[in-house]
2 protein chains.
Amino acid sequence: MAVYTQVSAEQMAVLLARYDAGELVSAKGIAEGVENSNYLVETSRRRFILTLYEKRVDAGDLPFFLALLDHLAASGNAVPRAVPDREGRQIHEVAGRPACLIEFLPGVSVTHPTPAQSRAAGEALGRMHGSLASFTGARPNTLGPAGWHALAARCGADLDAISAGLGARVAAELAYIDAHWPADLPRSVIHADLFPDNVLMRGDAVTGVIDFYFACTEVRAWDVAVTHTSWCFEPDGTGFHADRAAALIAGYEAAFGLSEAERTAFAVLARGAALRFLLTRAWDWLNTPADAMVTRKDPLAFLRRLDFYAGAERGLLLGA
Amino acid sequence: MAVYTQVSAEQMAVLLARYDAGELVSAKGIAEGVENSNYLVETSRRRFILTLYEKRVDAGDLPFFLALLDHLAASGNAVPRAVPDREGRQIHEVAGRPACLIEFLPGVSVTHPTPAQSRAAGEALGRMHGSLASFTGARPNTLGPAGWHALAARCGADLDAISAGLGARVAAELAYIDAHWPADLPRSVIHADLFPDNVLMRGDAVTGVIDFYFACTEVRAWDVAVTHTSWCFEPDGTGFHADRAAALIAGYEAAFGLSEAERTAFAVLARGAALRFLLTRAWDWLNTPADAMVTRKDPLAFLRRLDFYAGAERGLLLGA
C-alpha cells in the first residue's frame, strides 16, 4: 500500500511523450491497491493513474487483466482501462517495472456502507457478471478451495500462534467445504475482491470498480459471497448488518440474479469467502514483522465472519 | 512518507462540511513530505491537500508554520496556505490528529535539476528571503550547530558502525564549525530544507515551495547553503554540478543577494548544511530497522558533500 518504486518526473515525461497527453502538471505517489506502486498523474489535458507492477502481480497475467478491463469498459461498466499510447501499446517499462497508464476515475471508497450504497455495489457486481458472460478470457483461481488447502499447509502449526485452536478450526472448515462445495454451479471470470476499498462512489452511486488483480475464473456466485462478507460486517467481523446484506442481494438480483441453486449454496460459498481472507491474512500476519510500516490486518476478523456464516439462516444472509 | 493515519470518506465529508467546498469527489492517500499523513482531496469545487500532523511536527508549532505560509502567500510567493473554514479556523482535529486543509499547488519535483531549474529555485528562495524580512515570527533551529553536537552525542560510537572513522570525522568537523561558524551574519526565518523534493515546477518555472516544517530562525545564508548542497550534486553526493551551483547563486542574487561576508563564509555554511543532513540521516539509519518499509537514506551521501566543501574553492561553489 506504499510506493515501492520511485518514478522521477523525468521518467514520467518520457512515458507521457508516447501519448497525446499534453505536458506533465502534477504527480503524486498514492497509497492504493495491492502491492503495486501507483501515482496520480495530471497532464495539461487529463488525469491518469500510473501503475508499476511489483512482485505480487505476475507480468504474464497483465494481458488477461487488460483484456478484462477493456471488455468490461466496452460493455458500459465504470472500470479503469489501461490507455493505449499512439502506437496502441498499453504495457510499458518504467523504472525497470511493467507499467500501465490507467484512466483516472472519480469517487471515494466508503468505510461504513449504507444500505443504499450496498445496493449500488450489488447492482454494479451484477452488471459486471452480465457483461462477463461474453468474455472469453480465463485465469485460474490460485486462492480458490485448492489454494486454501495449500495456504493452510504453509501456515501449519503457526496458525495456533495467532489464536489457540485455529489450526484445528481451519482443518475442520476445509473438510466441511470439501464435502459441500458447489463446484457444479455456473462459473465465470469474477472480480474476487470486491471490498468497499475497491468500489469508488459519489454519494450512493458507483463511479468505478477498481483493483481487478485477483480476477479469476471461479464459481460465479462466490463473487457475491466475497462481496457479502466484505460489505455486511464491521471491519472486525462483528455486527452483521442484515439491512446491507438484503440491499446488496436485491441490487445484484435487479442487475443479474441468483439461481435457486446458488441461493441454496450461499452459506457454503460465504464460508469459503471468509476462509479465503482468514487464510491470506493469517499468512501475511505470520510473515510481516510486527514493527513493519504496513498495518497487519487481523485474521480473526474473518474467523468471526466464518462463525457467523456457519450458524446463519439463509433468509438472514440473503434478506428473504 | 506513508499514510500513517487512515481517514475515511465519512470523516472527510464531516471536515468539508465546515467549508464552502462542495461535495467530496475523490480522495487519495499520498506519499509526500515529512512524517505526516497526506491526502489529495478533490471536491466538486476545488482540490486540497489534507495533512494530518503525526509525531514529527509539534502541534504547538503549527500556528507559527501557518502564519509563515500566510505571510509568504500574501507577499506573492507560491506556497500552500492552510485554508480557513467558514468560521476562520485553519486547524482541525481529524482522526485524533491536528489537521489542516491546504491549498493544492500544481507542479512536479525534479530529480536531476537543469541549470535553468536551479536558477529558478535560487530566485524563489531569494524572493522568500525578501518577503521574510518583514515576518515577525520566530522558531529556534533545533537542527542548527548546537543541535548537531547533541545529535552526534546521541549517535555516539554507533557512527563508526555506519563507516569506520565516521565518529572522529564528525567530531573534527564539529570543532571546525565551532571555531569558524559565522554567527554574526544576518538571521531570518528560513525554509531550512529546500531540497528539489520540496520545490514544485512546471518546466523551468517554480509553481510552489512546500514542506515548511523545518522552518526556523537561523543565519539566513545557511538556507542558501542547504539549497546548494541538495541541488548541486548527484543524490549519492558525487558529481558536483558547477553549472547548477552558478545558476542557483545567480538566481538568488537576482532576487535577493549575498553580502561579501556571506560569500566569504559560504564554505563553512555549506559544511554545516552537509553535516546537518549527515547527522539526521545517520540517526535515522541507526534507528530504522533494515527490513522496514521505509527507505533508509544513505548518510554517506552527505559525508561526500562535506569532503567536497572542505576542499572546494569559493569561486567553484558560487560560480564567480
# chains A, B, ... in the order shown; residues from 1 in each chain; ligands from 1
$ interface_residues --of "chain B" --to "chain A" --cutoff "8 Å" --atoms "only C-alpha atoms" --output "ChimeraX atom specification"
/B:2-3,8-10,24-32,106-112,202,291-294
$ residues_around --residues "stretch 296-303 of chain B" --least-positions-apart "2" --cutoff "9 Å" --atoms "only C-alpha atoms" --output "ChimeraX atom specification"
/B:162-163,166,229,234-238,273-285,288-290,292,294,305-308
$ write_last_selection --atoms "N, CA, C and O atoms" --output "compact mmCIF listing (two decimals), in the first residue's frame"
# COMPACT_ATOMS: atom_id res chain seq x y z
N ILE B 162 28.41 2.79 10.90
CA ILE B 162 28.00 3.20 9.55
C ILE B 162 29.20 3.21 8.62
O ILE B 162 29.14 2.73 7.49
N SER B 163 30.31 3.77 9.13
CA SER B 163 31.54 3.83 8.33
C SER B 163 32.70 4.00 9.31
O SER B 163 32.64 4.86 10.21
N LEU B 166 33.95 7.38 11.14
CA LEU B 166 32.97 8.46 10.97
C LEU B 166 32.83 9.29 12.25
O LEU B 166 32.67 10.51 12.19
N THR B 229 23.60 22.40 -1.24
CA THR B 229 24.04 21.02 -1.01
C THR B 229 23.01 20.01 -1.54
O THR B 229 23.37 18.88 -1.89
N GLU B 234 24.87 14.86 -7.42
CA GLU B 234 24.07 13.66 -7.61
C GLU B 234 23.52 13.25 -6.23
O GLU B 234 24.12 13.58 -5.20
N PRO B 235 22.41 12.53 -6.21
CA PRO B 235 21.85 12.15 -4.89
C PRO B 235 22.85 11.45 -3.97
O PRO B 235 22.81 11.64 -2.75
N ASP B 236 23.80 10.70 -4.53
CA ASP B 236 24.76 9.98 -3.66
C ASP B 236 25.93 10.86 -3.24
O ASP B 236 26.87 10.37 -2.60
N GLY B 237 25.89 12.15 -3.58
CA GLY B 237 26.92 13.06 -3.10
C GLY B 237 28.13 13.17 -4.01
O GLY B 237 29.04 13.95 -3.73
N THR B 238 28.14 12.41 -5.07
CA THR B 238 29.24 12.54 -6.04
C THR B 238 28.83 13.57 -7.09
O THR B 238 27.69 14.03 -7.11
N ALA B 273 25.70 22.65 6.48
CA ALA B 273 24.50 22.07 5.85
C ALA B 273 24.71 20.58 5.59
O ALA B 273 23.83 19.75 5.88
N ALA B 274 25.88 20.24 5.06
CA ALA B 274 26.16 18.82 4.79
C ALA B 274 26.18 18.02 6.10
O ALA B 274 25.66 16.90 6.16
N LEU B 275 26.76 18.62 7.15
CA LEU B 275 26.83 17.91 8.43
C LEU B 275 25.44 17.69 9.02
O LEU B 275 25.15 16.64 9.59
N ARG B 276 24.55 18.68 8.86
CA ARG B 276 23.18 18.55 9.39
C ARG B 276 22.49 17.33 8.79
O ARG B 276 21.88 16.54 9.51
N PHE B 277 22.59 17.17 7.48
CA PHE B 277 21.89 16.04 6.86
C PHE B 277 22.65 14.73 7.05
O PHE B 277 22.03 13.66 7.16
N LEU B 278 23.97 14.80 7.14
CA LEU B 278 24.74 13.61 7.51
C LEU B 278 24.26 13.08 8.87
O LEU B 278 24.00 11.88 9.03
N LEU B 279 24.11 13.99 9.83
CA LEU B 279 23.77 13.54 11.19
C LEU B 279 22.32 13.08 11.30
O LEU B 279 22.04 12.07 11.95
N THR B 280 21.39 13.79 10.68
CA THR B 280 20.00 13.32 10.79
C THR B 280 19.81 12.00 10.04
O THR B 280 19.10 11.11 10.51
N ARG B 281 20.49 11.87 8.90
CA ARG B 281 20.40 10.58 8.20
C ARG B 281 21.09 9.47 8.99
O ARG B 281 20.62 8.33 8.98
N ALA B 282 22.20 9.79 9.65
CA ALA B 282 22.88 8.77 10.45
C ALA B 282 21.97 8.30 11.58
O ALA B 282 21.83 7.10 11.84
N TRP B 283 21.32 9.25 12.23
CA TRP B 283 20.41 8.90 13.32
C TRP B 283 19.26 8.02 12.81
O TRP B 283 18.93 6.99 13.40
N ASP B 284 18.67 8.43 11.68
CA ASP B 284 17.59 7.62 11.11
C ASP B 284 18.10 6.24 10.69
O ASP B 284 17.42 5.23 10.88
N TRP B 285 19.30 6.20 10.13
CA TRP B 285 19.91 4.94 9.70
C TRP B 285 20.06 3.99 10.88
O TRP B 285 19.72 2.80 10.79
N THR B 288 16.36 2.86 12.19
CA THR B 288 15.35 2.29 11.29
C THR B 288 15.70 0.83 11.07
O THR B 288 16.82 0.53 10.64
N PRO B 289 14.78 -0.09 11.36
CA PRO B 289 15.10 -1.50 11.09
C PRO B 289 15.41 -1.69 9.60
O PRO B 289 14.76 -1.08 8.74
N ALA B 290 16.41 -2.52 9.29
CA ALA B 290 16.82 -2.71 7.89
C ALA B 290 15.67 -3.25 7.05
O ALA B 290 15.62 -3.04 5.84
N ALA B 292 12.47 -2.49 7.41
CA ALA B 292 11.28 -1.64 7.45
C ALA B 292 10.89 -1.24 6.03
O ALA B 292 11.68 -1.32 5.10
N VAL B 294 10.20 1.68 4.97
CA VAL B 294 10.71 2.98 4.53
C VAL B 294 12.14 2.82 4.04
O VAL B 294 12.90 1.98 4.53
N ARG B 305 29.59 15.13 0.31
CA ARG B 305 29.42 16.58 0.11
C ARG B 305 30.33 17.35 1.08
O ARG B 305 30.94 18.36 0.72
N LEU B 306 30.37 16.87 2.32
CA LEU B 306 31.21 17.52 3.33
C LEU B 306 32.66 17.53 2.87
O LEU B 306 33.35 18.57 2.94
N ASP B 307 33.13 16.40 2.39
CA ASP B 307 34.51 16.32 1.89
C ASP B 307 34.71 17.32 0.75
O ASP B 307 35.75 17.98 0.67
N PHE B 308 33.72 17.40 -0.12
CA PHE B 308 33.84 18.33 -1.25
C PHE B 308 33.94 19.78 -0.75
O PHE B 308 34.84 20.52 -1.15
$ select_by_dssp --residues "stretch 53-247 of chain B" --states "strand (DSSP E)" --output "list of chain:residue names"
B:Tyr53, B:His92, B:Glu93, B:Val94, B:Arg97, B:Pro98, B:Ala99, B:Cys100, B:Leu101, B:Ile102, B:Glu103, B:Arg187, B:Ser188, B:Val189, B:Ile190, B:Val199, B:Leu200, B:Met201, B:Arg202, B:Ala205, B:Val206, B:Thr207, B:Gly208, B:Val209, B:Cys216, B:Thr217, B:Glu218, B:Val219
$ atom_distance --atom1 "atom CA of B:Phe104" --atom2 "atom CA of B:Leu15"
16.5 Å
$ atom_distance --atom1 "atom CA of A:His71" --atom2 "atom CA of A:Arg97"
24.8 Å
$ atom_distance --atom1 "atom CA of B:Pro115" --atom2 "atom CA of A:Leu16"
23.2 Å
$ select_by_dssp --residues "stretch 5-83 of chain B" --states "alpha helix (DSSP H)" --output "ChimeraX atom specification"
/B:9-16,62-74
$ write_last_selection --atoms "N, CA and C atoms" --output "CSV table (one decimal), in the first residue's frame"
chain,number,residue,atom,x,y,z
B,9,ALA,N,-13.8,8.3,4.1
B,9,ALA,CA,-14.5,9.3,3.3
B,9,ALA,C,-15.6,10.0,4.2
B,10,GLU,N,-16.1,9.3,5.1
B,10,GLU,CA,-17.1,9.9,6.0
B,10,GLU,C,-16.5,11.0,6.9
B,11,GLN,N,-15.3,10.7,7.4
B,11,GLN,CA,-14.6,11.7,8.2
B,11,GLN,C,-14.2,12.9,7.4
B,12,MET,N,-13.8,12.7,6.1
B,12,MET,CA,-13.5,13.8,5.2
B,12,MET,C,-14.7,14.7,5.0
B,13,ALA,N,-15.9,14.0,4.8
B,13,ALA,CA,-17.1,14.8,4.5
B,13,ALA,C,-17.5,15.6,5.7
B,14,VAL,N,-17.3,15.2,6.9
B,14,VAL,CA,-17.5,16.0,8.1
B,14,VAL,C,-16.7,17.2,8.1
B,15,LEU,N,-15.4,17.1,7.7
B,15,LEU,CA,-14.5,18.2,7.7
B,15,LEU,C,-14.9,19.2,6.6
B,16,LEU,N,-15.2,18.7,5.4
B,16,LEU,CA,-15.5,19.5,4.3
B,16,LEU,C,-16.8,20.3,4.5
B,62,LEU,N,2.4,24.6,15.0
B,62,LEU,CA,1.5,24.8,13.9
B,62,LEU,C,1.1,26.3,13.6
B,63,PRO,N,0.8,27.0,14.7
B,63,PRO,CA,0.4,28.4,14.4
B,63,PRO,C,1.6,29.2,13.8
B,64,PHE,N,2.8,28.9,14.2
B,64,PHE,CA,4.0,29.5,13.5
B,64,PHE,C,4.0,29.2,12.1
B,65,PHE,N,3.9,27.9,11.7
B,65,PHE,CA,4.0,27.5,10.3
B,65,PHE,C,2.9,28.1,9.5
B,66,LEU,N,1.7,28.1,10.1
B,66,LEU,CA,0.6,28.7,9.3
B,66,LEU,C,0.7,30.2,9.1
B,67,ALA,N,1.2,30.9,10.1
B,67,ALA,CA,1.4,32.3,10.0
B,67,ALA,C,2.5,32.6,8.9
B,68,LEU,N,3.5,31.8,8.9
B,68,LEU,CA,4.6,31.9,8.0
B,68,LEU,C,4.1,31.7,6.5
B,69,LEU,N,3.3,30.7,6.3
B,69,LEU,CA,2.7,30.5,5.0
B,69,LEU,C,1.8,31.6,4.6
B,70,ASP,N,1.0,32.1,5.5
B,70,ASP,CA,0.1,33.2,5.2
B,70,ASP,C,0.9,34.4,4.8
B,71,HIS,N,2.0,34.7,5.5
B,71,HIS,CA,2.8,35.9,5.2
B,71,HIS,C,3.4,35.7,3.9
B,72,LEU,N,4.0,34.6,3.6
B,72,LEU,CA,4.7,34.4,2.3
B,72,LEU,C,3.7,34.5,1.1
B,73,ALA,N,2.5,33.8,1.3
B,73,ALA,CA,1.5,33.9,0.2
B,73,ALA,C,1.0,35.3,0.0
B,74,ALA,N,0.8,36.0,1.1
B,74,ALA,CA,0.3,37.4,1.0
B,74,ALA,C,1.3,38.3,0.3
$ residues_around --residues "A:Ala242" --least-positions-apart "5" --cutoff "8 Å" --atoms "only C-alpha atoms" --output "ChimeraX atom specification"
/A:232,316-317,319
$ residues_around --residues "B:Phe256" --least-positions-apart "6" --cutoff "12 Å" --atoms "only C-alpha atoms" --output "number ranges by chain"
B: 122-133, 220-221, 224, 248-250
$ write_last_selection --atoms "N, CA and C atoms" --output "compact mmCIF listing (two decimals), in the first residue's frame"
# COMPACT_ATOMS: atom_id res chain seq x y z
N GLY B 122 16.78 29.19 -7.02
CA GLY B 122 17.51 30.26 -6.32
C GLY B 122 16.70 31.55 -6.27
N GLU B 123 16.03 31.84 -7.37
CA GLU B 123 15.17 33.04 -7.38
C GLU B 123 14.02 32.91 -6.39
N ALA B 124 13.39 31.73 -6.37
CA ALA B 124 12.26 31.53 -5.45
C ALA B 124 12.73 31.67 -4.00
N LEU B 125 13.91 31.14 -3.71
CA LEU B 125 14.46 31.26 -2.35
C LEU B 125 14.74 32.73 -2.03
N GLY B 126 15.33 33.44 -2.99
CA GLY B 126 15.63 34.86 -2.77
C GLY B 126 14.36 35.68 -2.54
N ARG B 127 13.32 35.41 -3.34
CA ARG B 127 12.06 36.14 -3.14
C ARG B 127 11.48 35.87 -1.76
N MET B 128 11.57 34.62 -1.32
CA MET B 128 11.08 34.30 0.03
C MET B 128 11.88 35.06 1.08
N HIS B 129 13.19 35.11 0.93
CA HIS B 129 14.00 35.83 1.92
C HIS B 129 13.65 37.31 1.94
N GLY B 130 13.38 37.88 0.76
CA GLY B 130 12.95 39.27 0.72
C GLY B 130 11.65 39.46 1.49
N SER B 131 10.70 38.56 1.28
CA SER B 131 9.41 38.68 1.97
C SER B 131 9.56 38.47 3.48
N LEU B 132 10.49 37.61 3.87
CA LEU B 132 10.61 37.25 5.28
C LEU B 132 11.28 38.34 6.11
N ALA B 133 11.84 39.33 5.45
CA ALA B 133 12.43 40.45 6.21
C ALA B 133 11.37 41.13 7.08
N ARG B 220 20.69 33.49 7.82
CA ARG B 220 19.88 33.41 6.59
C ARG B 220 20.62 32.71 5.45
N ALA B 221 21.88 33.02 5.28
CA ALA B 221 22.61 32.45 4.14
C ALA B 221 22.77 30.93 4.27
N VAL B 224 20.65 29.21 1.88
CA VAL B 224 21.23 29.09 0.53
C VAL B 224 22.18 27.89 0.51
N LEU B 248 22.08 28.59 -9.54
CA LEU B 248 21.35 28.75 -8.28
C LEU B 248 21.74 30.07 -7.62
N ILE B 249 23.05 30.33 -7.51
CA ILE B 249 23.52 31.55 -6.86
C ILE B 249 23.12 32.79 -7.67
N ALA B 250 23.22 32.67 -9.01
CA ALA B 250 22.82 33.82 -9.84
C ALA B 250 21.35 34.14 -9.66
